[in-house]
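Peer 1: My questions will all concern the structure given below.
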Amino acid sequence: MDDIKKEADGLEVQEETEAEEAKLNIENIENSKAEYLLELETPIGESLRMKLEKIKTQKKKRNDLYKAKFVTNTDIKTLHDNFCHLMAGEKGEGDAVYNIAGRIMVFRRHGKATFAVLKDFSGQIQLYLNIKNIGDEKYYEFLDLDIGDIVGIKGSVFKTHTGELSINVQDYELLSKSIRILPEKWHGLKDKEIRYRQRYLDFIVNPEVKEAFIIRIKMIEAFRKFLTSKGFLEVETPMLQSIPGGATAKPFITHHNALNMELYLRIAPELYLKRLIIGGFEKVFEINRNFRNEGISYKHNPEFTMLEFYQAFADYNDLMVLTEELLKYVAKEASGTLKFNYRGSDIDFEGSWDKMTMIDSIKKFTGLDVNFDKDIDDLRDMANNNNLKINESFGKGKIINEFFDNFVQSKLIKPTFIKDYPVEISPLARKSPKNPNLTERFELFIGGEEIANAFSELIDPKDQFERFKFQVKSKDEEERMTGKIDVDFLKALEYGMPPTGGEGIGIDRLAMIITNCASIRDVILFPLMRHEKDI
RNA sequence: GGGCCGUUAGCUCAGUUGGCAGAGCACUGGACUUUUAAUCCAGGUGUCGAAGGUCCGAAUCCUUCACGGCUCACCA
């Protein structure tokens, strides 16, 4: 009880009023005589009302509008593949009967013959019904069906005079009745809000949307195949963590009732994957969700998919080689090509990818020679002269990074590794043996977006302890909030961790590039949306 | 969080200077036995995102709010 009370206290006022509204809706539902939710949506339009009345009459005639199953023996794409060679007017293989099932998308009624379009996951095909072939009763019953209904079809294959492959329907069965009206066949569904909230409608009406998701699915398959073939083991580490580590983002907070403890949705799997390296796993990877309680944008969703992998006895140079091979493989496997167009820019994965240090990249794109040999006041002046907003507390590293962020990153269209990041902005990376201001860290940029982030990992427990302490003492409130020291991880480090290269790859952002989608929401099946008002 | 744009029929969209709420598809009835955005005839679409204000009169002007999109900031 106390827990519930405590949680309720934490709720914001806004959420309470939303809860009240929801309650009212439930009362509406409980007290209504509506048979379908649709009828509670006010006002119900004329078209829908007429369709509903028709369905209620049909229900009296047919005892079951929702069947248990239908046995198919092929799918629509296979029929197209097998019978594309038919000549116009020609029949396929005598009287062979095929069973297919799908959703009716279009009717073209012509008196005693009717055409319709049936859609399954693999594609669309035209149906042809002739009253002579199928009989009066079945024929007129078919005319009572609606666009959106799901049917099972038995029929033979032929091509019409105009050369369209069609099914001559000999029998059919209504498998599932569609109560609502689908969006229009010609213009489709354009309203992005409805497309994201009711993704199923997007898939039904805009078949091309599916393609991006299929590429994404194949990408993830390819990642697994490649990494497994290189001897990496796929593991699963906690998403509910008592200390959210491995990054500095704000976490989502939740609560375990039986243990009465605060838990966080993970912001990164990093510290657990490193524990596995310490435990003797030498090559591990994880592909799964991270959760960050931050702003939402075309490239940020609160939950997103990350690949992280760790390889013992390797450093960041090894990872650059591996990454290039990996991403070329994944891109080719998933999409069949290495050439993409992202947000208007042509991107070619072919050829050897550029590698340059952050400092060299700034020189290349701006002509400015910013480096650690310069006096900090000179760097500040240069920043001010270039209209960069520099905080008093910024050291040389952060100032140099400002130049990179503002003048370089967006220009890195073709795949480019930027390496040797300042220590100041790289708390988890091993210091460069050549220059104590730099770390053995790289990021990969494609299409101006950060796609991967990798380091030679910090394995010195003393150094790590100091950096944790620094984080906890930090004046930055956000860093402090998430900066509880993961003592169990430190303890693990003190047993000795092998030198390790570790990397994270943002799957959603890579999918955006490979599918030429301008928004992360177009590569996430159900992106987070605000509450919808009313029902 | 800031700026700009948007929200009108199930869907896609018009809506003039503030003066009866419109079209196509879909839907309902009818005709039509190879159409394919089928065609033809007839019919009805509606909390104009919500609330408030100005006005004789508001989809239209003003204010606030909600939701969405783009963008900047934050974030990595």
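For the structure tokens, the naming scheme is as follows: chains receive sequential letters (A, B, ...) according to their order of presentation, residues are indexed from 1 within each chain, and ligands are indexed from 1 in presentation order.
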For C55 (chain B), list every protein, DNA or RNA residue within 12 Å, evaluated using only C-alpha atoms (C1' of nucleotides), and leave out those in the same chain fewer than 5 positions away; present the list as a PyMOL selection string.
Peer 2: chain B and resi 18+61-62
Peer 1: Please list as a PDB file with N, CA and C atoms, in the first residue's frame every residue within 10 Å of Gly102 (chain A), counting only C-alpha atoms (C1' of nucleotides) and excluding residues in the same chain fewer than 2 positions away.
Peer 2:
```pdb
ATOM      1  N   ASP A  75       1.501 -18.868 -52.000  1.00  0.00           N
ATOM      2  CA  ASP A  75       1.226 -17.449 -51.732  1.00  0.00           C
ATOM      3  C   ASP A  75       1.244 -16.684 -53.049  1.00  0.00           C
ATOM      4  N   ILE A  76       0.905 -15.420 -52.967  1.00  0.00           N
ATOM      5  CA  ILE A  76       0.654 -14.652 -54.189  1.00  0.00           C
ATOM      6  C   ILE A  76       1.938 -14.439 -54.988  1.00  0.00           C
ATOM      7  N   ILE A 100      -5.280 -19.577 -51.639  1.00  0.00           N
ATOM      8  CA  ILE A 100      -4.552 -18.437 -51.095  1.00  0.00           C
ATOM      9  C   ILE A 100      -5.491 -17.665 -50.167  1.00  0.00           C
ATOM     10  N   ILE A 104      -9.054  -8.250 -49.042  1.00  0.00           N
ATOM     11  CA  ILE A 104      -9.599  -7.653 -50.267  1.00  0.00           C
ATOM     12  C   ILE A 104      -9.309  -6.160 -50.261  1.00  0.00           C
ATOM     13  N   MET A 105      -8.660  -5.682 -51.325  1.00  0.00           N
ATOM     14  CA  MET A 105      -8.257  -4.274 -51.382  1.00  0.00           C
ATOM     15  C   MET A 105      -9.125  -3.446 -52.330  1.00  0.00           C
ATOM     16  N   VAL A 117      -9.124  -7.278 -55.955  1.00  0.00           N
ATOM     17  CA  VAL A 117      -7.687  -7.429 -55.715  1.00  0.00           C
ATOM     18  C   VAL A 117      -7.501  -8.000 -54.321  1.00  0.00           C
ATOM     19  N   LEU A 118      -6.724  -9.080 -54.269  1.00  0.00           N
ATOM     20  CA  LEU A 118      -6.441  -9.732 -52.993  1.00  0.00           C
ATOM     21  C   LEU A 118      -4.975  -9.486 -52.645  1.00  0.00           C
ATOM     22  N   LYS A 119      -4.731  -9.187 -51.362  1.00  0.00           N
ATOM     23  CA  LYS A 119      -3.369  -8.875 -50.933  1.00  0.00           C
ATOM     24  C   LYS A 119      -2.959  -9.794 -49.799  1.00  0.00           C
ATOM     25  N   ASP A 120      -1.810 -10.440 -49.939  1.00  0.00           N
ATOM     26  CA  ASP A 120      -1.225 -11.138 -48.794  1.00  0.00           C
ATOM     27  C   ASP A 120       0.152 -10.524 -48.528  1.00  0.00           C
ATOM     28  N   PHE A 121       0.913 -11.109 -47.611  1.00  0.00           N
ATOM     29  CA  PHE A 121       2.189 -10.486 -47.254  1.00  0.00           C
ATOM     30  C   PHE A 121       3.130 -10.405 -48.443  1.00  0.00           C
ATOM     31  N   SER A 122       2.992 -11.384 -49.362  1.00  0.00           N
ATOM     32  CA  SER A 122       3.967 -11.462 -50.451  1.00  0.00           C
ATOM     33  C   SER A 122       3.620 -10.562 -51.621  1.00  0.00           C
ATOM     34  N   GLY A 123       2.345 -10.137 -51.738  1.00  0.00           N
ATOM     35  CA  GLY A 123       1.999  -9.306 -52.887  1.00  0.00           C
ATOM     36  C   GLY A 123       0.500  -9.239 -53.111  1.00  0.00           C
ATOM     37  N   GLN A 124       0.135  -8.809 -54.336  1.00  0.00           N
ATOM     38  CA  GLN A 124      -1.274  -8.645 -54.685  1.00  0.00           C
ATOM     39  C   GLN A 124      -1.569  -9.417 -55.954  1.00  0.00           C
ATOM     40  N   ILE A 125      -2.807  -9.895 -56.051  1.00  0.00           N
ATOM     41  CA  ILE A 125      -3.205 -10.556 -57.285  1.00  0.00           C
ATOM     42  C   ILE A 125      -4.676 -10.254 -57.545  1.00  0.00           C
ATOM     43  N   GLY A 148     -11.321  -4.661 -47.295  1.00  0.00           N
ATOM     44  CA  GLY A 148     -10.755  -4.862 -45.966  1.00  0.00           C
ATOM     45  C   GLY A 148     -11.056  -6.233 -45.388  1.00  0.00           C
ATOM     46  N   ASP A 149     -12.063  -6.911 -45.926  1.00  0.00           N
ATOM     47  CA  ASP A 149     -12.380  -8.254 -45.429  1.00  0.00           C
ATOM     48  C   ASP A 149     -11.251  -9.218 -45.769  1.00  0.00           C
ATOM     49  N   ILE A 150     -11.056 -10.205 -44.887  1.00  0.00           N
ATOM     50  CA  ILE A 150     -10.028 -11.208 -45.131  1.00  0.00           C
ATOM     51  C   ILE A 150     -10.714 -12.503 -45.566  1.00  0.00           C
ATOM     52  N   VAL A 151     -10.273 -13.012 -46.709  1.00  0.00           N
ATOM     53  CA  VAL A 151     -10.939 -14.175 -47.300  1.00  0.00           C
ATOM     54  C   VAL A 151      -9.928 -15.258 -47.670  1.00  0.00           C
ATOM     55  N   GLY A 152     -10.410 -16.480 -47.731  1.00  0.00           N
ATOM     56  CA  GLY A 152      -9.654 -17.591 -48.293  1.00  0.00           C
ATOM     57  C   GLY A 152     -10.230 -17.895 -49.667  1.00  0.00           C
ATOM     58  N   ILE A 153      -9.352 -18.141 -50.623  1.00  0.00           N
ATOM     59  CA  ILE A 153      -9.753 -18.279 -52.024  1.00  0.00           C
ATOM     60  C   ILE A 153      -9.283 -19.622 -52.554  1.00  0.00           C
ATOM     61  N   LEU A 175     -13.118 -15.106 -43.953  1.00  0.00           N
ATOM     62  CA  LEU A 175     -12.381 -15.558 -42.765  1.00  0.00           C
ATOM     63  C   LEU A 175     -12.441 -14.537 -41.636  1.00  0.00           C
ATOM     64  N   SER A 176     -12.517 -13.249 -42.011  1.00  0.00           N
ATOM     65  CA  SER A 176     -12.553 -12.225 -40.969  1.00  0.00           C
ATOM     66  C   SER A 176     -13.158 -10.956 -41.545  1.00  0.00           C
TER      67      SER A 176
END
```
Peer 1: Could I get the residues of chain A with an atom no further than 6 Å from an atom of chain B, each paired with its nearest atom pair and that distance in Å to one decimal, using only C-alpha atoms (C1' of nucleotides), sorted by chain and residue number, as CSV?
Peer 2:
```
residue,atom,partner,partner_atom,distance
A:Glu46,CA,B:U45,C1',5.3
A:Ser47,CA,B:C27,C1',4.7
A:His110,CA,B:C32,C1',5.4
A:Gly111,CA,B:C32,C1',5.0
A:Lys112,CA,B:U33,C1',5.1
A:Ala113,CA,B:U33,C1',4.9
A:Thr160,CA,B:U34,C1',6.0
A:Ile181,CA,B:G10,C1',5.4
A:Pro183,CA,B:C11,C1',4.2
A:Glu184,CA,B:C11,C1',4.6
A:His187,CA,B:U12,C1',5.5
A:Glu193,CA,B:G68,C1',5.9
```
Peer 1: Please save all heavy atoms of the selected residues as a CSV table (one decimal), in the first residue's frame.
Peer 2:
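Final output, out19.csv:
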```
chain,number,residue,atom,x,y,z
A,46,GLU,N,-21.7,8.9,-41.4
A,46,GLU,CA,-22.8,8.2,-42.2
A,46,GLU,C,-22.3,6.9,-42.9
A,46,GLU,O,-22.9,5.9,-42.8
A,46,GLU,CB,-23.4,9.2,-43.2
A,46,GLU,CG,-24.6,8.7,-43.9
A,46,GLU,CD,-25.8,8.5,-43.0
A,46,GLU,OE1,-25.8,9.0,-41.9
A,46,GLU,OE2,-26.7,7.7,-43.4
A,47,SER,N,-21.2,7.0,-43.5
A,47,SER,CA,-20.6,5.8,-44.2
A,47,SER,C,-20.5,4.6,-43.3
A,47,SER,O,-20.8,3.5,-43.5
A,47,SER,CB,-19.3,6.1,-44.9
A,47,SER,OG,-19.4,7.3,-45.6
A,110,HIS,N,-18.9,-5.8,-62.3
A,110,HIS,CA,-19.4,-5.6,-63.7
A,110,HIS,C,-20.6,-6.5,-63.9
A,110,HIS,O,-20.6,-7.4,-64.7
A,110,HIS,CB,-18.3,-6.1,-64.7
A,110,HIS,CG,-17.1,-5.3,-64.7
A,110,HIS,ND1,-16.9,-4.3,-65.7
A,110,HIS,CD2,-16.0,-5.2,-63.9
A,110,HIS,CE1,-15.7,-3.7,-65.4
A,110,HIS,NE2,-15.2,-4.3,-64.3
A,111,GLY,N,-21.6,-6.3,-63.1
A,111,GLY,CA,-22.8,-7.1,-63.3
A,111,GLY,C,-22.6,-8.6,-62.9
A,111,GLY,O,-22.4,-8.9,-61.8
A,112,LYS,N,-22.5,-9.5,-63.9
A,112,LYS,CA,-22.4,-10.9,-63.6
A,112,LYS,C,-21.0,-11.4,-63.6
A,112,LYS,O,-20.8,-12.6,-63.5
A,112,LYS,CB,-23.3,-11.7,-64.7
A,112,LYS,CG,-24.7,-11.3,-64.5
A,112,LYS,CD,-25.6,-12.2,-65.4
A,112,LYS,CE,-27.1,-12.0,-65.1
A,112,LYS,NZ,-27.5,-10.6,-65.4
A,113,ALA,N,-20.0,-10.5,-63.7
A,113,ALA,CA,-18.6,-10.8,-63.4
A,113,ALA,C,-18.0,-9.7,-62.6
A,113,ALA,O,-18.4,-8.6,-62.7
A,113,ALA,CB,-17.9,-10.9,-64.8
A,160,THR,N,-5.7,-12.5,-68.1
A,160,THR,CA,-6.8,-11.9,-68.8
A,160,THR,C,-6.4,-11.4,-70.2
A,160,THR,O,-5.2,-11.5,-70.5
A,160,THR,CB,-7.3,-10.6,-68.1
A,160,THR,OG1,-6.2,-9.7,-68.0
A,160,THR,CG2,-7.8,-11.0,-66.7
A,181,ILE,N,-13.5,1.3,-42.2
A,181,ILE,CA,-13.3,1.6,-43.6
A,181,ILE,C,-11.8,1.9,-43.7
A,181,ILE,O,-11.2,2.7,-43.0
A,181,ILE,CB,-14.1,2.8,-44.1
A,181,ILE,CG1,-15.6,2.4,-44.0
A,181,ILE,CG2,-13.7,3.1,-45.5
A,181,ILE,CD1,-16.5,3.6,-44.3
A,183,PRO,N,-8.3,3.3,-45.4
A,183,PRO,CA,-8.0,4.6,-46.2
A,183,PRO,C,-8.0,4.3,-47.7
A,183,PRO,O,-8.1,3.2,-48.2
A,183,PRO,CB,-6.5,4.9,-45.7
A,183,PRO,CG,-6.4,4.2,-44.4
A,183,PRO,CD,-7.2,3.0,-44.5
A,184,GLU,N,-8.1,5.4,-48.4
A,184,GLU,CA,-8.3,5.4,-49.8
A,184,GLU,C,-7.2,4.6,-50.6
A,184,GLU,O,-6.1,4.7,-50.3
A,184,GLU,CB,-8.3,6.8,-50.3
A,184,GLU,CG,-9.0,7.0,-51.6
A,184,GLU,CD,-8.4,8.2,-52.4
A,184,GLU,OE1,-7.6,8.9,-51.8
A,184,GLU,OE2,-8.8,8.4,-53.5
A,187,HIS,N,-4.7,7.6,-53.0
A,187,HIS,CA,-3.8,8.5,-52.3
A,187,HIS,C,-3.2,7.8,-51.1
A,187,HIS,O,-2.2,8.3,-50.5
A,187,HIS,CB,-4.6,9.8,-51.8
A,187,HIS,CG,-5.1,10.6,-53.0
A,187,HIS,ND1,-6.3,10.5,-53.5
A,187,HIS,CD2,-4.5,11.5,-53.7
A,187,HIS,CE1,-6.5,11.3,-54.5
A,187,HIS,NE2,-5.4,12.0,-54.6
A,193,GLU,N,0.8,11.1,-38.3
A,193,GLU,CA,0.4,10.8,-37.0
A,193,GLU,C,-0.4,9.4,-37.0
A,193,GLU,O,-0.1,8.5,-36.2
A,193,GLU,CB,-0.5,11.9,-36.4
A,193,GLU,CG,-0.9,11.6,-35.0
A,193,GLU,CD,-1.6,12.7,-34.3
A,193,GLU,OE1,-1.7,13.8,-34.9
A,193,GLU,OE2,-2.0,12.5,-33.2
```
Peer 1: From the DSSP assignment of the backbone, select every residue of region 55-269 of chain A that is strand (DSSP E or B), and format the answer as a short mmCIF file (atom, residue, chain, number, x, y, z; two decimals) with N, CA, C and O atoms, in the first residue's frame.
Peer 2:
```
data_model
loop_
_atom_site.label_atom_id
_atom_site.label_comp_id
_atom_site.auth_asym_id
_atom_site.auth_seq_id
_atom_site.Cartn_x
_atom_site.Cartn_y
_atom_site.Cartn_z
N TYR A 66 -15.97 -14.82 -38.19
CA TYR A 66 -14.55 -14.95 -37.82
C TYR A 66 -14.17 -16.42 -37.70
O TYR A 66 -14.45 -17.07 -36.70
N LYS A 91 -4.61 -20.11 -69.92
CA LYS A 91 -4.83 -20.69 -68.59
C LYS A 91 -3.58 -21.40 -68.12
O LYS A 91 -2.79 -21.89 -68.92
N TYR A 98 -5.45 -23.54 -56.61
CA TYR A 98 -4.58 -22.96 -55.59
C TYR A 98 -5.42 -22.35 -54.48
O TYR A 98 -6.46 -21.77 -54.74
N ASN A 99 -4.92 -22.53 -53.26
CA ASN A 99 -5.58 -21.92 -52.10
C ASN A 99 -4.71 -20.77 -51.61
O ASN A 99 -3.55 -20.98 -51.25
N ILE A 100 -5.28 -19.58 -51.64
CA ILE A 100 -4.55 -18.44 -51.09
C ILE A 100 -5.49 -17.67 -50.17
O ILE A 100 -6.71 -17.84 -50.23
N ALA A 101 -4.90 -16.86 -49.32
CA ALA A 101 -5.71 -16.09 -48.39
C ALA A 101 -5.13 -14.70 -48.24
O ALA A 101 -3.92 -14.50 -48.38
N GLY A 102 -6.00 -13.74 -48.01
CA GLY A 102 -5.53 -12.38 -47.84
C GLY A 102 -6.68 -11.41 -47.67
O GLY A 102 -7.81 -11.81 -47.41
N ARG A 103 -6.33 -10.13 -47.84
CA ARG A 103 -7.29 -9.06 -47.60
C ARG A 103 -7.76 -8.50 -48.93
O ARG A 103 -6.94 -8.28 -49.84
N ILE A 104 -9.05 -8.25 -49.04
CA ILE A 104 -9.60 -7.65 -50.27
C ILE A 104 -9.31 -6.16 -50.26
O ILE A 104 -9.63 -5.46 -49.30
N MET A 105 -8.66 -5.68 -51.33
CA MET A 105 -8.26 -4.27 -51.38
C MET A 105 -9.12 -3.45 -52.33
O MET A 105 -9.25 -2.23 -52.16
N VAL A 106 -9.65 -4.07 -53.38
CA VAL A 106 -10.40 -3.33 -54.41
C VAL A 106 -11.49 -4.24 -54.95
O VAL A 106 -11.30 -5.45 -55.07
N PHE A 107 -12.63 -3.66 -55.26
CA PHE A 107 -13.67 -4.35 -56.05
C PHE A 107 -13.85 -3.63 -57.37
O PHE A 107 -13.87 -2.41 -57.40
N ARG A 108 -14.02 -4.39 -58.45
CA ARG A 108 -14.50 -3.81 -59.70
C ARG A 108 -15.65 -4.69 -60.16
O ARG A 108 -15.45 -5.77 -60.71
N ARG A 109 -16.87 -4.24 -59.89
CA ARG A 109 -18.05 -5.09 -60.16
C ARG A 109 -18.59 -4.78 -61.54
O ARG A 109 -18.72 -3.61 -61.92
N HIS A 110 -18.88 -5.81 -62.29
CA HIS A 110 -19.37 -5.64 -63.67
C HIS A 110 -20.60 -6.50 -63.89
O HIS A 110 -20.59 -7.38 -64.75
N ALA A 113 -20.03 -10.48 -63.68
CA ALA A 113 -18.62 -10.84 -63.45
C ALA A 113 -18.01 -9.75 -62.58
O ALA A 113 -18.42 -8.60 -62.67
N THR A 114 -17.08 -10.15 -61.73
CA THR A 114 -16.49 -9.17 -60.82
C THR A 114 -15.00 -9.41 -60.68
O THR A 114 -14.55 -10.55 -60.60
N PHE A 115 -14.26 -8.30 -60.67
CA PHE A 115 -12.84 -8.37 -60.36
C PHE A 115 -12.62 -7.82 -58.95
O PHE A 115 -13.36 -6.95 -58.51
N ALA A 116 -11.62 -8.36 -58.31
CA ALA A 116 -11.23 -7.83 -57.01
C ALA A 116 -9.72 -7.96 -56.90
O ALA A 116 -9.10 -8.67 -57.70
N VAL A 117 -9.12 -7.28 -55.96
CA VAL A 117 -7.69 -7.43 -55.72
C VAL A 117 -7.50 -8.00 -54.32
O VAL A 117 -8.08 -7.50 -53.36
N LEU A 118 -6.72 -9.08 -54.27
CA LEU A 118 -6.44 -9.73 -52.99
C LEU A 118 -4.98 -9.49 -52.65
O LEU A 118 -4.10 -9.57 -53.50
N LYS A 119 -4.73 -9.19 -51.36
CA LYS A 119 -3.37 -8.87 -50.93
C LYS A 119 -2.96 -9.79 -49.80
O LYS A 119 -3.69 -9.93 -48.82
N ASP A 120 -1.81 -10.44 -49.94
CA ASP A 120 -1.22 -11.14 -48.79
C ASP A 120 0.15 -10.52 -48.53
O ASP A 120 0.52 -9.54 -49.16
N GLY A 123 2.35 -10.14 -51.74
CA GLY A 123 2.00 -9.31 -52.89
C GLY A 123 0.50 -9.24 -53.11
O GLY A 123 -0.29 -9.55 -52.22
N GLN A 124 0.13 -8.81 -54.34
CA GLN A 124 -1.27 -8.64 -54.68
C GLN A 124 -1.57 -9.42 -55.95
O GLN A 124 -0.72 -9.55 -56.82
N ILE A 125 -2.81 -9.90 -56.05
CA ILE A 125 -3.20 -10.56 -57.29
C ILE A 125 -4.68 -10.25 -57.54
O ILE A 125 -5.45 -10.02 -56.61
N GLN A 126 -5.04 -10.27 -58.83
CA GLN A 126 -6.43 -9.99 -59.19
C GLN A 126 -7.26 -11.26 -59.07
O GLN A 126 -6.85 -12.34 -59.47
N LEU A 127 -8.47 -11.10 -58.53
CA LEU A 127 -9.43 -12.20 -58.48
C LEU A 127 -10.47 -11.97 -59.57
O LEU A 127 -10.84 -10.83 -59.86
N TYR A 128 -10.95 -13.04 -60.16
CA TYR A 128 -12.01 -12.94 -61.14
C TYR A 128 -13.13 -13.88 -60.74
O TYR A 128 -12.89 -15.07 -60.50
N LEU A 129 -14.33 -13.35 -60.59
CA LEU A 129 -15.48 -14.19 -60.26
C LEU A 129 -16.50 -14.07 -61.38
O LEU A 129 -16.85 -12.94 -61.78
N ASN A 130 -16.97 -15.22 -61.84
CA ASN A 130 -17.98 -15.23 -62.88
C ASN A 130 -19.18 -16.00 -62.35
O ASN A 130 -19.04 -17.11 -61.83
N ILE A 150 -11.06 -10.20 -44.89
CA ILE A 150 -10.03 -11.21 -45.13
C ILE A 150 -10.71 -12.50 -45.57
O ILE A 150 -11.64 -12.97 -44.90
N VAL A 151 -10.27 -13.01 -46.71
CA VAL A 151 -10.94 -14.18 -47.30
C VAL A 151 -9.93 -15.26 -47.67
O VAL A 151 -8.76 -14.98 -47.89
N GLY A 152 -10.41 -16.48 -47.73
CA GLY A 152 -9.65 -17.59 -48.29
C GLY A 152 -10.23 -17.89 -49.67
O GLY A 152 -11.45 -17.88 -49.85
N ILE A 153 -9.35 -18.14 -50.62
CA ILE A 153 -9.75 -18.28 -52.02
C ILE A 153 -9.28 -19.62 -52.55
O ILE A 153 -8.15 -20.03 -52.30
N LYS A 154 -10.15 -20.31 -53.32
CA LYS A 154 -9.73 -21.48 -54.09
C LYS A 154 -9.99 -21.17 -55.55
O LYS A 154 -11.11 -20.79 -55.89
N GLY A 155 -8.98 -21.36 -56.38
CA GLY A 155 -9.22 -21.05 -57.79
C GLY A 155 -8.05 -21.44 -58.67
O GLY A 155 -7.00 -21.84 -58.18
N SER A 156 -8.27 -21.32 -59.98
CA SER A 156 -7.23 -21.64 -60.94
C SER A 156 -6.65 -20.35 -61.51
O SER A 156 -7.23 -19.28 -61.36
N VAL A 157 -5.51 -20.49 -62.17
CA VAL A 157 -4.76 -19.33 -62.62
C VAL A 157 -4.96 -19.10 -64.10
O VAL A 157 -5.02 -20.05 -64.87
N PHE A 158 -5.11 -17.85 -64.50
CA PHE A 158 -5.14 -17.51 -65.93
C PHE A 158 -4.72 -16.07 -66.11
O PHE A 158 -4.60 -15.32 -65.14
N LYS A 159 -4.46 -15.73 -67.37
CA LYS A 159 -4.17 -14.32 -67.66
C LYS A 159 -5.31 -13.74 -68.47
O LYS A 159 -5.80 -14.35 -69.42
N LEU A 165 -2.29 -11.39 -64.60
CA LEU A 165 -2.43 -12.70 -63.95
C LEU A 165 -3.57 -12.63 -62.93
O LEU A 165 -3.62 -11.70 -62.13
N SER A 166 -4.48 -13.61 -63.00
CA SER A 166 -5.68 -13.55 -62.17
C SER A 166 -6.03 -14.93 -61.65
O SER A 166 -5.60 -15.94 -62.19
N ILE A 167 -6.83 -14.94 -60.60
CA ILE A 167 -7.36 -16.20 -60.07
C ILE A 167 -8.82 -16.30 -60.50
O ILE A 167 -9.62 -15.40 -60.19
N ASN A 168 -9.14 -17.37 -61.19
CA ASN A 168 -10.53 -17.64 -61.50
C ASN A 168 -11.12 -18.35 -60.28
O ASN A 168 -10.88 -19.53 -60.04
N VAL A 169 -11.88 -17.60 -59.48
CA VAL A 169 -12.31 -18.09 -58.17
C VAL A 169 -13.39 -19.15 -58.33
O VAL A 169 -14.41 -18.91 -58.97
N GLN A 170 -13.12 -20.33 -57.75
CA GLN A 170 -14.12 -21.41 -57.78
C GLN A 170 -14.87 -21.49 -56.47
O GLN A 170 -16.01 -21.93 -56.42
N ASP A 171 -14.18 -21.10 -55.40
CA ASP A 171 -14.84 -21.06 -54.10
C ASP A 171 -14.08 -20.07 -53.22
O ASP A 171 -12.90 -19.80 -53.47
N TYR A 172 -14.78 -19.55 -52.23
CA TYR A 172 -14.12 -18.64 -51.31
C TYR A 172 -14.81 -18.74 -49.97
O TYR A 172 -15.91 -19.29 -49.85
N GLU A 173 -14.16 -18.19 -48.97
CA GLU A 173 -14.70 -18.24 -47.62
C GLU A 173 -14.34 -16.94 -46.92
O GLU A 173 -13.18 -16.51 -46.97
N LEU A 174 -15.31 -16.30 -46.30
CA LEU A 174 -15.01 -15.13 -45.49
C LEU A 174 -14.34 -15.60 -44.21
O LEU A 174 -14.89 -16.40 -43.46
N LEU A 175 -13.12 -15.11 -43.95
CA LEU A 175 -12.38 -15.56 -42.76
C LEU A 175 -12.44 -14.54 -41.64
O LEU A 175 -12.39 -14.90 -40.46
N SER A 176 -12.52 -13.25 -42.01
CA SER A 176 -12.55 -12.22 -40.97
C SER A 176 -13.16 -10.96 -41.54
O SER A 176 -12.72 -10.46 -42.58
N LEU A 233 30.15 -14.25 -29.45
CA LEU A 233 28.99 -14.90 -28.86
C LEU A 233 27.94 -13.85 -28.52
O LEU A 233 28.27 -12.82 -27.93
N GLU A 234 26.70 -14.12 -28.91
CA GLU A 234 25.64 -13.18 -28.59
C GLU A 234 25.15 -13.42 -27.17
O GLU A 234 24.84 -14.55 -26.80
N LEU A 240 17.08 -4.05 -16.72
CA LEU A 240 16.75 -3.44 -15.45
C LEU A 240 18.03 -3.40 -14.63
O LEU A 240 18.58 -4.44 -14.29
N GLN A 241 18.51 -2.20 -14.37
CA GLN A 241 19.79 -2.06 -13.68
C GLN A 241 19.59 -1.19 -12.44
O GLN A 241 18.80 -0.25 -12.46
N ILE A 253 13.24 5.74 -14.74
CA ILE A 253 13.26 5.15 -13.41
C ILE A 253 12.04 4.27 -13.23
O ILE A 253 10.94 4.64 -13.64
N THR A 254 12.23 3.11 -12.60
CA THR A 254 11.09 2.25 -12.29
C THR A 254 11.32 1.62 -10.92
O THR A 254 12.28 1.95 -10.24
N HIS A 255 10.45 0.75 -10.51
CA HIS A 255 10.47 0.27 -9.14
C HIS A 255 10.09 -1.19 -9.09
O HIS A 255 9.15 -1.62 -9.74
N HIS A 256 10.87 -1.95 -8.30
CA HIS A 256 10.53 -3.36 -8.11
C HIS A 256 9.79 -3.51 -6.78
O HIS A 256 10.34 -3.17 -5.72
N MET A 261 12.90 -1.86 -4.42
CA MET A 261 14.11 -1.13 -4.84
C MET A 261 13.88 -0.36 -6.13
O MET A 261 13.10 -0.75 -6.98
N GLU A 262 14.56 0.76 -6.22
CA GLU A 262 14.56 1.55 -7.45
C GLU A 262 15.36 0.83 -8.52
O GLU A 262 16.42 0.26 -8.23
N LEU A 263 14.84 0.83 -9.70
CA LEU A 263 15.59 0.27 -10.82
C LEU A 263 15.53 1.25 -11.97
O LEU A 263 14.66 2.12 -12.02
N TYR A 264 16.49 1.10 -12.87
CA TYR A 264 16.55 1.98 -14.03
C TYR A 264 16.54 1.11 -15.28
O TYR A 264 17.11 0.02 -15.30
N LEU A 265 15.88 1.62 -16.33
CA LEU A 265 16.05 0.97 -17.63
C LEU A 265 17.43 1.34 -18.13
O LEU A 265 17.82 2.51 -18.05
#
```
Peer 1: Looking at only C-alpha atoms (C1' of nucleotides), which of B:C72, B:A23, B:U64, B:C4 is the one that sits closest to A51 (chain B)?
Peer 2: B:U64
Peer 1: Considering only C-alpha atoms, can you say which of A:Thr366, A:Gln311, A:Ser361, A:Gln471 comes closest to Glu457 (chain A)?
Peer 2: A:Gln311
